[in-house]
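Raw contents of target_20.txt, compact mmCIF, C-alpha atoms:
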```txt
# COMPACT_ATOMS: atom_id res chain seq x y z
CA MET A 1 -59.24 66.77 -74.23
CA ALA A 2 -59.57 65.68 -70.59
CA ASN A 3 -56.39 64.74 -68.77
CA HIS A 4 -57.16 61.28 -67.38
CA ASP A 5 -53.76 61.13 -65.65
CA ALA A 6 -54.45 64.07 -63.34
CA LYS A 7 -55.21 61.94 -60.30
CA ARG A 8 -54.42 63.26 -56.83
CA GLU A 9 -55.13 61.56 -53.52
CA ALA A 10 -57.95 63.35 -51.74
CA GLY A 11 -57.82 61.31 -48.54
CA THR A 12 -58.30 57.81 -47.20
CA LEU A 13 -61.42 55.84 -46.31
CA ASP A 14 -61.94 53.34 -43.52
CA GLY A 15 -62.66 49.95 -45.09
CA THR A 16 -63.46 48.19 -41.82
CA PRO A 17 -66.67 46.21 -42.33
CA ASP A 18 -69.75 47.09 -40.34
CA LYS A 19 -70.94 44.46 -37.90
CA ARG A 20 -74.37 44.66 -39.43
CA LEU A 21 -73.00 42.15 -41.92
CA PHE A 22 -73.54 39.53 -39.19
CA TYR A 23 -77.24 40.31 -38.99
CA SER A 24 -77.57 40.23 -42.75
CA ILE A 25 -76.88 36.50 -42.84
CA ILE A 26 -78.93 35.26 -39.88
CA ASN A 27 -81.82 34.19 -42.10
CA ASP A 28 -79.47 32.63 -44.66
CA TYR A 29 -78.55 29.77 -42.32
CA ASP A 30 -80.74 27.00 -41.02
CA ILE A 31 -79.44 25.16 -37.97
CA PRO A 32 -78.01 22.09 -39.79
CA THR A 33 -76.14 24.31 -42.26
CA ALA A 34 -74.66 26.43 -39.47
CA ILE A 35 -73.57 23.39 -37.46
CA CYS A 36 -71.95 21.89 -40.55
CA GLU A 37 -69.87 25.06 -40.89
CA LEU A 38 -68.47 24.43 -37.42
CA VAL A 39 -67.82 20.75 -38.17
CA ASP A 40 -65.98 21.86 -41.34
CA ASN A 41 -63.65 23.91 -39.16
CA SER A 42 -62.93 20.97 -36.89
CA ILE A 43 -62.17 18.64 -39.79
CA ASP A 44 -59.93 21.18 -41.54
CA LEU A 45 -57.89 21.79 -38.37
CA TRP A 46 -57.51 18.05 -37.84
CA MET A 47 -56.51 17.35 -41.43
CA LYS A 48 -53.99 20.21 -41.40
CA GLY A 49 -52.46 18.72 -38.27
CA GLY A 50 -51.76 15.50 -40.14
CA ARG A 51 -54.50 13.43 -38.43
CA LYS A 52 -51.95 12.53 -35.75
CA THR A 53 -54.59 12.03 -33.08
CA ALA A 54 -58.16 10.79 -33.16
CA LEU A 55 -60.80 13.35 -34.08
CA SER A 56 -64.02 13.38 -32.17
CA VAL A 57 -66.61 16.08 -32.83
CA GLU A 58 -69.32 15.97 -30.18
CA ILE A 59 -72.55 17.89 -30.73
CA THR A 60 -75.16 18.30 -28.05
CA ALA A 61 -78.53 19.68 -29.11
CA ASP A 62 -80.51 20.05 -25.88
CA VAL A 63 -84.15 20.39 -26.89
CA GLU A 64 -85.42 20.84 -23.34
CA ARG A 65 -82.97 23.61 -22.39
CA GLN A 66 -82.62 25.01 -25.94
CA LEU A 67 -78.82 24.88 -25.91
CA ILE A 68 -76.25 23.71 -28.45
CA ASN A 69 -72.71 22.68 -27.51
CA ILE A 70 -70.03 21.59 -29.97
CA SER A 71 -66.61 20.32 -28.95
CA ASP A 72 -63.77 18.74 -30.87
CA THR A 73 -60.35 17.20 -30.38
CA ALA A 74 -58.91 18.75 -33.54
CA GLY A 75 -55.90 20.33 -31.83
CA GLY A 76 -57.03 23.67 -30.45
CA VAL A 77 -56.08 27.20 -31.53
CA ARG A 78 -52.91 28.99 -30.48
CA GLU A 79 -53.26 32.33 -28.71
CA GLY A 80 -51.60 34.09 -31.63
CA GLU A 81 -54.23 32.72 -34.01
CA LEU A 82 -57.37 33.42 -31.93
CA ARG A 83 -58.28 36.19 -34.36
CA VAL A 84 -59.35 33.61 -36.93
CA LEU A 85 -62.24 32.66 -34.63
CA ILE A 86 -63.98 36.04 -34.88
CA ALA A 87 -62.62 38.07 -37.82
CA PRO A 88 -64.58 37.66 -41.10
CA GLY A 89 -62.17 36.75 -43.87
CA ALA A 90 -59.44 35.59 -41.48
CA SER A 91 -58.45 31.96 -41.99
CA ALA A 92 -55.49 29.75 -41.22
CA ASN A 93 -56.29 27.65 -44.31
CA SER A 94 -54.21 27.95 -47.47
CA LEU A 95 -56.03 28.82 -50.68
CA GLU A 96 -54.03 26.07 -52.36
CA GLY A 97 -54.77 23.40 -49.75
CA GLN A 98 -57.38 20.69 -50.17
CA THR A 99 -59.43 22.00 -47.27
CA ILE A 100 -63.16 22.52 -46.89
CA GLY A 101 -63.07 26.08 -45.59
CA VAL A 102 -61.41 28.81 -47.61
CA PHE A 103 -63.36 32.06 -47.31
CA GLY A 104 -62.81 32.63 -43.58
CA VAL A 105 -66.43 33.64 -43.02
CA GLY A 106 -68.47 30.48 -42.54
CA SER A 107 -67.93 29.69 -38.86
CA LYS A 108 -68.20 33.36 -37.84
CA ARG A 109 -71.50 33.73 -39.62
CA ALA A 110 -72.68 30.36 -38.33
CA VAL A 111 -72.28 31.05 -34.61
CA VAL A 112 -74.01 34.42 -34.87
CA ALA A 113 -76.78 32.86 -36.95
CA LEU A 114 -77.27 30.18 -34.30
CA ALA A 115 -77.27 32.14 -31.06
CA GLU A 116 -77.08 35.52 -29.35
CA HIS A 117 -74.56 34.39 -26.73
CA ILE A 118 -71.53 32.37 -27.81
CA SER A 119 -68.59 31.22 -25.69
CA ILE A 120 -65.56 29.63 -27.34
CA LYS A 121 -62.89 27.88 -25.29
CA THR A 122 -59.77 26.44 -26.89
CA ARG A 123 -56.45 24.99 -25.77
CA HIS A 124 -53.52 24.25 -28.03
CA LYS A 125 -50.79 21.89 -26.85
CA GLY A 126 -48.40 23.53 -24.43
CA GLY A 127 -50.66 26.55 -23.98
CA ALA A 128 -53.28 27.89 -21.64
CA THR A 129 -57.02 27.66 -22.20
CA TYR A 130 -58.46 30.81 -23.76
CA GLN A 131 -62.06 31.93 -23.95
CA ILE A 132 -63.79 34.41 -26.25
CA ASP A 133 -67.34 35.59 -25.60
CA ILE A 134 -69.43 36.90 -28.49
CA THR A 135 -72.37 38.83 -27.06
CA PRO A 136 -75.14 41.09 -28.39
CA GLU A 137 -73.27 44.02 -26.85
CA TRP A 138 -70.14 43.23 -28.87
CA ILE A 139 -72.14 42.70 -32.06
CA SER A 140 -73.90 46.06 -31.63
CA SER A 141 -70.73 48.00 -30.83
CA ASP A 142 -68.62 49.74 -33.47
CA SER A 143 -65.35 48.26 -32.26
CA TRP A 144 -63.93 45.01 -33.63
CA GLU A 145 -61.68 44.56 -30.62
CA ILE A 146 -62.72 41.73 -28.35
CA PRO A 147 -61.08 40.51 -25.15
CA HIS A 148 -59.91 36.97 -24.64
CA TYR A 149 -59.53 35.41 -21.24
CA THR A 150 -57.57 32.65 -19.60
CA VAL A 151 -59.93 30.18 -17.92
CA SER A 152 -59.81 26.80 -16.25
CA ASP A 153 -58.18 24.30 -18.57
CA VAL A 154 -60.04 22.11 -21.00
CA PRO A 155 -58.16 19.02 -22.26
CA ILE A 156 -55.18 19.73 -24.51
CA GLY A 157 -56.12 19.99 -28.18
CA ARG A 158 -59.77 20.66 -27.49
CA THR A 159 -62.12 23.44 -28.58
CA GLU A 160 -65.56 23.90 -27.01
CA ILE A 161 -68.33 26.14 -28.32
CA GLU A 162 -71.37 26.90 -26.18
CA LEU A 163 -74.38 28.47 -27.88
CA ARG A 164 -77.08 30.03 -25.70
CA SER A 165 -80.19 32.12 -26.43
CA LEU A 166 -80.75 30.35 -29.74
CA ARG A 167 -82.23 32.46 -32.52
CA LYS A 168 -84.30 29.55 -33.82
CA PRO A 169 -85.78 26.77 -31.68
CA ILE A 170 -84.53 23.21 -31.91
CA SER A 171 -86.86 20.21 -31.81
CA GLU A 172 -86.54 16.45 -31.90
CA ILE A 173 -87.54 16.52 -35.57
CA LEU A 174 -84.71 18.95 -36.29
CA VAL A 175 -82.24 16.77 -34.37
CA SER A 176 -83.28 13.83 -36.56
CA ARG A 177 -82.74 15.94 -39.69
CA LEU A 178 -79.36 17.03 -38.40
CA ARG A 179 -78.30 13.44 -37.79
CA ARG A 180 -79.03 12.52 -41.38
CA ARG A 181 -77.42 15.69 -42.73
CA LEU A 182 -74.19 14.95 -40.85
CA GLY A 183 -74.10 11.34 -42.06
CA GLU A 184 -74.53 12.40 -45.68
CA THR A 185 -72.25 15.42 -45.63
CA TYR A 186 -69.25 13.78 -43.93
CA SER A 187 -69.56 10.16 -45.06
CA TRP A 188 -66.01 10.10 -46.50
CA PHE A 189 -64.49 11.42 -43.29
CA LEU A 190 -66.53 9.08 -41.10
CA ALA A 191 -65.00 6.18 -43.00
CA ILE A 192 -61.50 7.28 -41.97
CA ASP A 193 -59.95 5.54 -38.99
CA HIS A 194 -60.05 7.64 -35.83
CA CYS A 195 -62.64 10.14 -37.07
CA LYS A 196 -66.10 10.26 -35.58
CA ILE A 197 -68.96 12.67 -35.06
CA LEU A 198 -71.43 12.22 -32.23
CA LEU A 199 -74.84 13.82 -31.82
CA ASN A 200 -76.36 13.68 -28.34
CA GLY A 201 -73.96 10.90 -27.44
CA THR A 202 -74.70 8.64 -30.42
CA GLU A 203 -72.16 8.17 -33.18
CA ILE A 204 -73.17 9.35 -36.66
CA GLU A 205 -73.25 6.65 -39.35
CA ALA A 206 -71.90 7.41 -42.82
CA LEU A 207 -74.64 7.63 -45.46
CA GLU A 208 -73.46 7.00 -49.03
CA PHE A 209 -75.30 7.29 -52.33
CA ASP A 210 -73.44 4.79 -54.50
CA ASP A 211 -76.12 2.08 -54.37
CA TRP A 212 -75.88 1.06 -58.00
CA ALA A 213 -77.82 -1.39 -60.12
CA TYR A 214 -76.03 -3.40 -62.81
CA PRO A 215 -78.54 -4.22 -65.55
CA PRO A 216 -77.04 -6.23 -68.44
CA GLU A 217 -74.96 -4.08 -70.75
CA ASN A 218 -75.72 -0.95 -68.68
CA PRO A 219 -73.46 -0.87 -65.63
CA PRO A 220 -72.48 2.42 -63.99
CA HIS A 221 -70.08 4.59 -65.98
CA VAL A 222 -67.03 6.21 -64.39
CA ILE A 223 -65.16 9.12 -65.98
CA ARG A 224 -61.97 10.53 -64.48
CA SER A 225 -60.24 13.70 -65.63
CA GLN A 226 -58.23 16.70 -64.53
CA VAL A 227 -59.19 20.36 -64.77
CA PRO A 228 -56.15 22.67 -64.73
CA VAL A 229 -56.49 25.64 -62.38
CA ASP A 230 -54.18 28.33 -61.12
CA GLY A 231 -51.92 26.62 -58.60
CA GLY A 232 -52.60 23.02 -59.60
CA ASN A 233 -55.31 20.71 -60.87
CA VAL A 234 -58.76 19.69 -59.78
CA SER A 235 -59.24 15.94 -60.08
CA VAL A 236 -62.68 14.93 -61.29
CA GLU A 237 -64.48 11.62 -60.90
CA ILE A 238 -68.00 11.31 -62.26
CA THR A 239 -69.92 8.11 -61.58
CA ALA A 240 -73.30 7.66 -63.21
CA GLY A 241 -75.80 4.84 -63.35
CA LEU A 242 -79.13 3.45 -62.29
CA ILE A 243 -79.82 3.09 -58.56
CA LEU A 244 -81.33 0.51 -56.25
CA ASP A 245 -82.37 2.87 -53.45
CA ARG A 246 -85.02 4.86 -55.31
CA ASP A 247 -87.29 6.76 -52.93
CA PRO A 248 -90.42 8.07 -54.69
CA VAL A 249 -91.24 10.38 -51.78
CA GLU A 250 -87.86 12.05 -51.45
CA GLU A 251 -87.13 11.93 -55.19
CA ASN A 252 -83.53 10.97 -54.46
CA TYR A 253 -82.26 11.05 -58.04
CA GLY A 254 -80.37 13.60 -60.08
CA ALA A 255 -76.87 14.98 -59.64
CA TYR A 256 -74.83 14.88 -56.44
CA PHE A 257 -71.72 17.00 -55.90
CA TYR A 258 -68.80 16.59 -53.50
CA GLY A 259 -65.95 19.07 -53.02
CA ASN A 260 -62.82 17.84 -51.26
CA ASN A 261 -64.78 14.84 -50.00
CA ARG A 262 -67.59 16.90 -48.46
CA LEU A 263 -71.13 16.73 -49.87
CA ILE A 264 -72.09 20.07 -51.37
CA ALA A 265 -75.45 19.41 -53.01
CA LYS A 266 -77.65 16.38 -53.66
CA GLU A 267 -80.67 15.55 -55.81
CA VAL A 268 -79.89 18.46 -58.16
CA LYS A 269 -82.34 18.65 -61.04
CA ASP A 270 -81.52 22.03 -62.53
CA ARG A 271 -81.27 22.97 -66.17
CA GLU A 272 -77.50 23.32 -65.76
CA VAL A 273 -77.12 19.56 -65.24
CA GLY A 274 -79.42 18.57 -68.10
CA TYR A 275 -82.96 18.69 -66.76
CA TRP A 276 -85.83 20.77 -68.21
CA THR A 277 -84.42 20.48 -71.74
CA ALA A 278 -86.19 18.03 -74.06
CA SER A 279 -83.04 17.09 -75.96
CA GLN A 280 -81.25 16.20 -72.71
CA ALA A 281 -82.76 14.70 -69.54
CA GLY A 282 -86.11 16.41 -69.95
CA VAL A 283 -88.50 17.43 -67.19
CA PRO A 284 -87.80 15.64 -63.88
CA HIS A 285 -90.27 12.77 -63.71
CA PRO A 286 -90.69 9.49 -61.77
CA ASP A 287 -90.00 7.59 -65.01
CA ALA A 288 -86.41 8.86 -64.89
CA SER A 289 -85.96 8.47 -61.14
CA LEU A 290 -83.40 5.65 -61.35
CA CYS A 291 -80.76 8.03 -62.68
CA ARG A 292 -78.03 9.28 -60.37
CA VAL A 293 -74.79 11.07 -61.24
CA ILE A 294 -72.17 11.60 -58.52
CA VAL A 295 -69.48 14.22 -59.16
CA ARG A 296 -66.41 14.23 -56.89
CA LEU A 297 -64.00 17.15 -57.12
CA ASN A 298 -60.71 17.33 -55.24
CA GLY A 299 -58.17 20.12 -55.45
CA PRO A 300 -57.28 23.58 -54.14
CA ALA A 301 -60.07 24.92 -51.95
CA LYS A 302 -60.15 28.16 -53.92
CA ALA A 303 -61.01 26.13 -57.05
CA MET A 304 -64.08 24.42 -55.63
CA PRO A 305 -67.27 25.59 -57.40
CA TRP A 306 -69.32 25.95 -54.20
CA ASN A 307 -71.00 28.95 -52.66
CA SER A 308 -69.67 30.39 -49.39
CA SER A 309 -71.94 28.20 -47.23
CA LYS A 310 -71.08 25.09 -49.28
CA THR A 311 -74.72 24.29 -49.98
CA ARG A 312 -74.95 24.94 -53.72
CA ILE A 313 -72.89 24.69 -56.89
CA ASN A 314 -71.82 27.90 -58.59
CA TYR A 315 -72.75 27.13 -62.19
CA ALA A 316 -70.75 30.10 -63.50
CA HIS A 317 -67.54 28.73 -61.99
CA PRO A 318 -64.95 27.66 -64.60
CA VAL A 319 -64.40 24.25 -62.98
CA PHE A 320 -68.10 23.42 -63.20
CA GLN A 321 -68.24 24.70 -66.77
CA ALA A 322 -65.28 22.46 -67.64
CA ILE A 323 -67.21 19.34 -66.55
CA GLN A 324 -70.73 20.44 -67.41
CA ASP A 325 -70.99 18.72 -70.80
CA GLN A 326 -69.85 15.38 -69.36
CA ALA A 327 -72.33 15.63 -66.50
CA ILE A 328 -75.22 16.52 -68.81
CA LYS A 329 -74.46 13.64 -71.18
CA LEU A 330 -74.46 11.15 -68.31
CA VAL A 331 -77.63 12.56 -66.73
CA SER A 332 -79.33 12.43 -70.14
CA HIS A 333 -78.15 8.90 -70.95
CA PHE A 334 -79.24 7.29 -67.70
CA SER A 335 -82.49 9.26 -67.52
CA SER A 336 -83.32 7.92 -70.97
CA LEU A 337 -82.33 4.40 -69.90
CA SER A 338 -84.52 4.65 -66.81
CA ARG A 339 -87.49 5.59 -68.98
CA ARG A 340 -86.85 2.80 -71.49
CA LEU A 341 -86.84 0.18 -68.74
CA LYS A 342 -89.67 1.65 -66.66
CA ASP A 343 -92.22 -1.03 -67.58
CA ASP A 344 -90.16 -3.76 -65.93
CA TRP A 345 -87.77 -2.21 -63.43
CA PRO A 346 -87.86 -5.23 -61.05
CA ASN A 347 -86.64 -7.66 -63.70
CA LYS A 348 -84.59 -5.48 -66.04
CA VAL A 349 -82.85 -3.29 -63.45
```
Please express what this file holds, its structure, as structure tokens.
Amino acid sequence: MANHDAKREAGTLDGTPDKRLFYSIINDYDIPTAICELVDNSIDLWMKGGRKTALSVEITADVERQLINISDTAGGVREGELRVLIAPGASANSLEGQTIGVFGVGSKRAVVALAEHISIKTRHKGGATYQIDITPEWISSDSWEIPHYTVSDVPIGRTEIELRSLRKPISEILVSRLRRRLGETYSWFLAIDHCKILLNGTEIEALEFDDWAYPPENPPHVIRSQVPVDGGNVSVEITAGLILDRDPVEENYGAYFYGNNRLIAKEVKDREVGYWTASQAGVPHPDASLCRVIVRLNGPAKAMPWNSSKTRINYAHPVFQAIQDQAIKLVSHFSSLSRRLKDDWPNKV
């Protein structure tokens, strides 16, 4: 009989990640997704600081010069915490906190996905201004050590990111898409006093999706519950109903998901939320396009059922599975109602 306990250490292995991991994700990010990762960081830092000062996130997308600059007034980063700006997996966020970021990889992947040359300047209160330069030479080297410099001061509490030699071109059409994406993704935060996001000098307007119709005997339904998780609870609010802002071109119906007040996914019409199954919502179709279900989840960041770029729901996640039946029932009910009333939407809805 083999002795399974005869285990002896044969040596140690270096578990330091290879920098090729940066290149592996370049094609996974479009420009709006990458910029949202950086806005997430700004909002998290501001929220952690107690929202004591006004937050302004200013984004410049220079189409003519092909440059992107992002600056914020979220508070800046202390010298002792500069590592979180470049080390994958490093994060100042608590796993138990109701933050947006949790994995410690998003912003690092985002800047490398956006540009070849990145300069980050930051100044925490009472400290100097520090700069880190991420270059192709550093990315291609084996060492993870990177110098940081003291430079001429930026305003206290400010972080500035300059992105040059963009990997993908920016256009006016993309800037327009980005403006809408920011308004949808951060609508809850934009409604807070002293929080604003600007794109090319113009303030972003919050874009909400709760434009409900109230047909007789069929108003929107709201379900609130709690999902217990390790370290606390996730609060759940599901609002479902028929909508007034139907757009037949964009097909803006289906399920919408928010995690800690940030939009994760919209217009979801997957089997996991009830579509493509005859006994539930059925095949997505214009007849059912008045149905919208909005799911809002708030709780520990580690319990949010999003992917690492916060662009999709992880259907295998236990929090999603805990609410799945409720979501499917509501999607099915209001899809059926939309179909029953389709012959006279103007008068009956």
Closest contacts (region 5-52 of chain A/region 131-146 of chain A, max 12 Å, only C-alpha atoms) as a tab-separated table:
```
residue	atom	partner	partner_atom	distance
A:Thr16	CA	A:Trp144	CA	8.8
A:Pro17	CA	A:Trp144	CA	9.2
A:Asp18	CA	A:Asp142	CA	7.4
A:Lys19	CA	A:Ile139	CA	6.2
A:Arg20	CA	A:Ser140	CA	7.9
A:Leu21	CA	A:Ile139	CA	9.9
A:Phe22	CA	A:Ile139	CA	7.9
A:Tyr23	CA	A:Ile139	CA	8.9
```
One decimal, Å: what's the distance from CA of Ser308 (chain A) over to CA of Gln321 (chain A), could you say? 18.3 Å
Give me the residues within 8 Å of region 333-343 of chain A as a PyMOL selection string, counting all atoms listed in the file and dropping any in the same chain fewer than 4 places off. chain A and resi 240-242+281+287-292+329+348-349
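Among the candidates A:Ser171, A:Thr311, A:Thr185, A:Thr122, the residue lying nearest to His148 (chain A) is A:Thr122 (atoms considered: all atoms listed in the file).
The closest residue to Val273 (chain A), picked from A:Leu67, A:Asn200, A:Ser332, A:Asp247 and counting only C-alpha atoms, is A:Ser332.
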